[in-house]
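Below is one structure, written out as structure tokens; comments come after it.
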Amino acid sequence: MADAEWWKYDQLESRNPVDWSPAVRGDREWDQLDFHLDLGCGTVPKARLGIDRHPHPNVGLNMELESLTWVPPPQGSSEEVQKIGRRSYELCKDKSGSLPFPDGSIRSIISHHCLEHIDGGFLHLMDECYRVLEPGGVFRIIVPLFPSHAAVADPDHKRYFCEGTFKTFEGSPSGEHWHESFSVPYTQCRFELVDEDISPYTDPYAMFHEGDAREMRVALRKYGSVDR
């Protein structure tokens with residue numbers, strides 16, 4: 001297999017079992033996958049390939065997820081970070097504005113407290129995740145739940161998520177979208193929503209205090225199956 005395909009699932013080393021600390025790994029089946037991609041991984045990738053806008057030795061692909069463009073390593077960074085930056089550039093240079101992977105080539109995606117930091121590029125990023133996932137592939141999404149302190153405290157949060165937000169990205173196995181009964185859909189996604197785990201409401205008198213850390217864990221699955 002060509003080195004240019006280093007990003008493929010079987011070419012990457014498994015990180016399982018992954019220690020998500022200081023984040024919490026849930027106990028549902030959708031949290032136990034040996035994930036292919038981690039969007040917005042920070043310094044603790046929870047998949048075989050971590051993607052983040054901040055270059056770091058633990059990040060495998062330097063990308064700005066808002067614009068889906070390559071991020072150069074900072075001047076004076078370590079040789080390891082420079083090497084990751086060069087490899088990232090080679091993968092992304094001809095694919096600006098998209099995830100740098102072919103259609104149906106990614107086994108699974110995890111995004112843990114990342115999507116709330118995406119502004120106008122959110123819908124396009126969701127469409128790109130749908131495009132690159134293989135049939136039967138899972139997109140596990142964990143975001144802060146509104147209303148809560150976790151949703152509003154960080155000044156870099158660009159959007160809020162509430163119960164039902166991700167139903168927008170549902171469709172039928174044959175490709176229809178429920179928007180079509182009243183409008184032209186504004187997303188290409190036609191996922192099956194297979195899990196939506198909602199933190200219970202806290203004491204209303206404690207709402208928006210630091211301990212109010214509600215979140216929503218969603219699993220979206222692309223219809224179809226694939227032989228492995």
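Chain lettering (A, B, ...) mirrors the order of the structure tokens, residue numbering begins at 1 for each chain separately, and ligand numbering begins at 1 in order of display.
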What lies within 12 Å of Val152 in chain A using only C-alpha atoms, ignoring chain neighbours under 3 positions off, as an MDAnalysis selection string? chainID A and resid 116:117 143:149 155:161 207:210 212:215
What's around Pro45 in chain A at 9 Å? Count only C-alpha atoms, leave out sequence neighbours fewer than 3 positions away in its own chain, and write the answer as a list of chain:residue names. A:Arg15, A:Val18, A:Trp20, A:Leu37, A:Asp38, A:Leu39, A:Gly40, A:Cys41, A:Gly42, A:Arg48, A:Leu49, A:Gly50, A:Ile51, A:Asn58, A:Val59, A:Gly60
Can you spit out the residues from that selection as a CSV table (one decimal), in the first residue's frame, using N, CA and C atoms?
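And here is the file that came out, selection.csv:
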```csv
chain,number,residue,atom,x,y,z
A,15,ARG,N,-5.1,2.5,19.4
A,15,ARG,CA,-4.8,3.1,20.7
A,15,ARG,C,-5.6,2.5,21.8
A,18,VAL,N,-8.3,3.2,25.2
A,18,VAL,CA,-7.9,4.6,25.3
A,18,VAL,C,-8.3,5.1,26.6
A,20,TRP,N,-9.3,8.3,28.3
A,20,TRP,CA,-9.8,9.6,27.8
A,20,TRP,C,-9.5,10.7,28.8
A,37,LEU,N,-11.1,8.1,13.2
A,37,LEU,CA,-10.7,9.5,13.4
A,37,LEU,C,-11.3,10.1,14.6
A,38,ASP,N,-10.5,11.1,15.2
A,38,ASP,CA,-11.0,11.9,16.3
A,38,ASP,C,-10.9,13.3,15.9
A,39,LEU,N,-12.0,14.0,15.7
A,39,LEU,CA,-12.1,15.4,15.3
A,39,LEU,C,-11.9,16.3,16.5
A,40,GLY,N,-11.0,17.2,16.4
A,40,GLY,CA,-10.7,18.1,17.6
A,40,GLY,C,-10.2,17.3,18.8
A,41,CYS,N,-9.2,16.5,18.5
A,41,CYS,CA,-8.7,15.6,19.6
A,41,CYS,C,-8.0,16.2,20.7
A,42,GLY,N,-7.5,17.5,20.6
A,42,GLY,CA,-6.7,18.0,21.6
A,42,GLY,C,-5.4,17.3,21.7
A,48,ARG,N,-7.5,6.2,16.2
A,48,ARG,CA,-6.2,5.9,15.6
A,48,ARG,C,-5.5,7.1,15.0
A,49,LEU,N,-6.4,8.1,14.5
A,49,LEU,CA,-5.8,9.3,13.9
A,49,LEU,C,-6.5,10.5,14.5
A,50,GLY,N,-5.8,11.3,15.3
A,50,GLY,CA,-6.3,12.5,15.9
A,50,GLY,C,-6.1,13.7,15.0
A,51,ILE,N,-7.2,14.5,14.8
A,51,ILE,CA,-7.1,15.7,14.0
A,51,ILE,C,-7.4,16.9,14.9
A,58,ASN,N,1.0,14.5,19.7
A,58,ASN,CA,-0.1,13.5,19.8
A,58,ASN,C,-1.1,13.7,18.7
A,59,VAL,N,-1.0,14.8,17.9
A,59,VAL,CA,-2.0,15.0,16.8
A,59,VAL,C,-1.4,14.5,15.5
A,60,GLY,N,-2.2,13.7,14.9
A,60,GLY,CA,-1.7,13.0,13.6
A,60,GLY,C,-1.9,13.8,12.4
```
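When DSSP reads the backbone of this structure, the residues of range 24-228 of chain A it assigns to alpha helix (DSSP H) are A:Glu79, A:Glu80, A:Val81, A:Gln82, A:Lys83, A:Ile84, A:Gly85, A:Arg86, A:Arg87, A:Ser88, A:Tyr89, A:Glu90, A:Leu91, A:Cys92, A:Phe122, A:Leu123, A:His124, A:Leu125, A:Met126, A:Asp127, A:Glu128, A:Cys129, A:Tyr130, A:Arg131, A:Val132, A:His149, A:Ala150, A:Ala151, A:Val152.
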Residue selection dump (C-alpha atoms) as a PDB file, in the first residue's frame:
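To be explicit, this is the file written out as out20.pdb:
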```pdb
ATOM      1  CA  GLU A  79      11.144  17.935  14.507  1.00  0.00           C
ATOM      2  CA  GLU A  80       8.314  15.526  15.348  1.00  0.00           C
ATOM      3  CA  VAL A  81       5.702  18.279  15.005  1.00  0.00           C
ATOM      4  CA  GLN A  82       7.373  19.505  11.801  1.00  0.00           C
ATOM      5  CA  LYS A  83       7.216  15.977  10.355  1.00  0.00           C
ATOM      6  CA  ILE A  84       3.512  15.706  11.198  1.00  0.00           C
ATOM      7  CA  GLY A  85       2.981  19.121   9.589  1.00  0.00           C
ATOM      8  CA  ARG A  86       4.692  18.086   6.360  1.00  0.00           C
ATOM      9  CA  ARG A  87       2.707  14.871   6.167  1.00  0.00           C
ATOM     10  CA  SER A  88      -0.490  16.819   6.864  1.00  0.00           C
ATOM     11  CA  TYR A  89       0.309  19.238   4.066  1.00  0.00           C
ATOM     12  CA  GLU A  90       0.894  16.442   1.552  1.00  0.00           C
ATOM     13  CA  LEU A  91      -2.490  14.959   2.407  1.00  0.00           C
ATOM     14  CA  CYS A  92      -4.424  18.256   2.452  1.00  0.00           C
ATOM     15  CA  PHE A 122     -20.589  23.282  10.924  1.00  0.00           C
ATOM     16  CA  LEU A 123     -23.073  22.028   8.316  1.00  0.00           C
ATOM     17  CA  HIS A 124     -20.326  21.524   5.745  1.00  0.00           C
ATOM     18  CA  LEU A 125     -18.249  19.577   8.282  1.00  0.00           C
ATOM     19  CA  MET A 126     -21.232  17.337   9.045  1.00  0.00           C
ATOM     20  CA  ASP A 127     -21.718  16.715   5.314  1.00  0.00           C
ATOM     21  CA  GLU A 128     -18.024  15.900   4.922  1.00  0.00           C
ATOM     22  CA  CYS A 129     -18.160  13.397   7.785  1.00  0.00           C
ATOM     23  CA  TYR A 130     -21.129  11.732   6.126  1.00  0.00           C
ATOM     24  CA  ARG A 131     -19.322  11.635   2.784  1.00  0.00           C
ATOM     25  CA  VAL A 132     -16.134  10.012   4.042  1.00  0.00           C
ATOM     26  CA  HIS A 149     -22.937  25.919  32.508  1.00  0.00           C
ATOM     27  CA  ALA A 150     -20.906  23.605  30.251  1.00  0.00           C
ATOM     28  CA  ALA A 151     -22.693  24.974  27.175  1.00  0.00           C
ATOM     29  CA  VAL A 152     -22.269  28.691  27.846  1.00  0.00           C
TER      30      VAL A 152
END
```
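The neighbours of Thr168 in chain A here are the residues that come within 10 Å of it, using only C-alpha atoms and leaving out any residue fewer than 5 positions away in the same chain; they are His177, Trp178, His179, Pro185, Tyr186, Thr187, Cys189, Arg190, Phe191 and Leu193 of chain A.
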When you count only C-alpha atoms, which of these residues is closest to His56 in chain A: A:Val71, A:Ile198, A:Ile142, A:Ala153? A:Val71
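One distance worth recording is that between CA of Ser14 in chain A and CA of Leu65 in chain A, which is 23.2 Å.
Taking only C-alpha atoms, the non-local environment of range 95-109 of chain A within 6 Å (same-chain residues fewer than 4 positions away omitted) comprises A:Phe35, A:His36, A:Leu37, A:Asp38, A:Ser67, A:Leu68, A:Thr69, A:Arg131, A:Val132, A:Leu133, A:Glu134, A:Gly137, A:Val138, A:Phe139.
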Restricting the output to C-alpha atoms, write the selected residues as an mmCIF file, in the first residue's frame.
```cif
data_model
loop_
_atom_site.group_PDB
_atom_site.id
_atom_site.type_symbol
_atom_site.label_atom_id
_atom_site.label_comp_id
_atom_site.auth_asym_id
_atom_site.auth_seq_id
_atom_site.Cartn_x
_atom_site.Cartn_y
_atom_site.Cartn_z
ATOM 1 C CA PHE A 35 -12.310 4.760 16.362
ATOM 2 C CA HIS A 36 -10.669 5.700 13.071
ATOM 3 C CA LEU A 37 -10.739 9.529 13.355
ATOM 4 C CA ASP A 38 -10.952 11.885 16.333
ATOM 5 C CA SER A 67 -12.494 25.811 7.068
ATOM 6 C CA LEU A 68 -11.094 22.294 6.478
ATOM 7 C CA THR A 69 -7.671 23.623 5.597
ATOM 8 C CA ARG A 131 -19.322 11.635 2.784
ATOM 9 C CA VAL A 132 -16.134 10.012 4.042
ATOM 10 C CA LEU A 133 -17.764 7.437 6.328
ATOM 11 C CA GLU A 134 -18.069 3.963 4.867
ATOM 12 C CA GLY A 137 -19.762 3.693 9.707
ATOM 13 C CA VAL A 138 -20.525 5.412 13.022
ATOM 14 C CA PHE A 139 -20.126 9.078 13.963
#
```
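In this comparison, which uses only C-alpha atoms, the residue of A:Glu180, A:Glu66, A:Asp197, A:Asp10 approaching Gly26 in chain A most closely is A:Asp197.
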Shell of 10 Å around Gln11 in chain A, only C-alpha atoms, local chain residues under 5 positions omitted, as a PyMOL selection string: chain A and resi 1+3+5-6+48
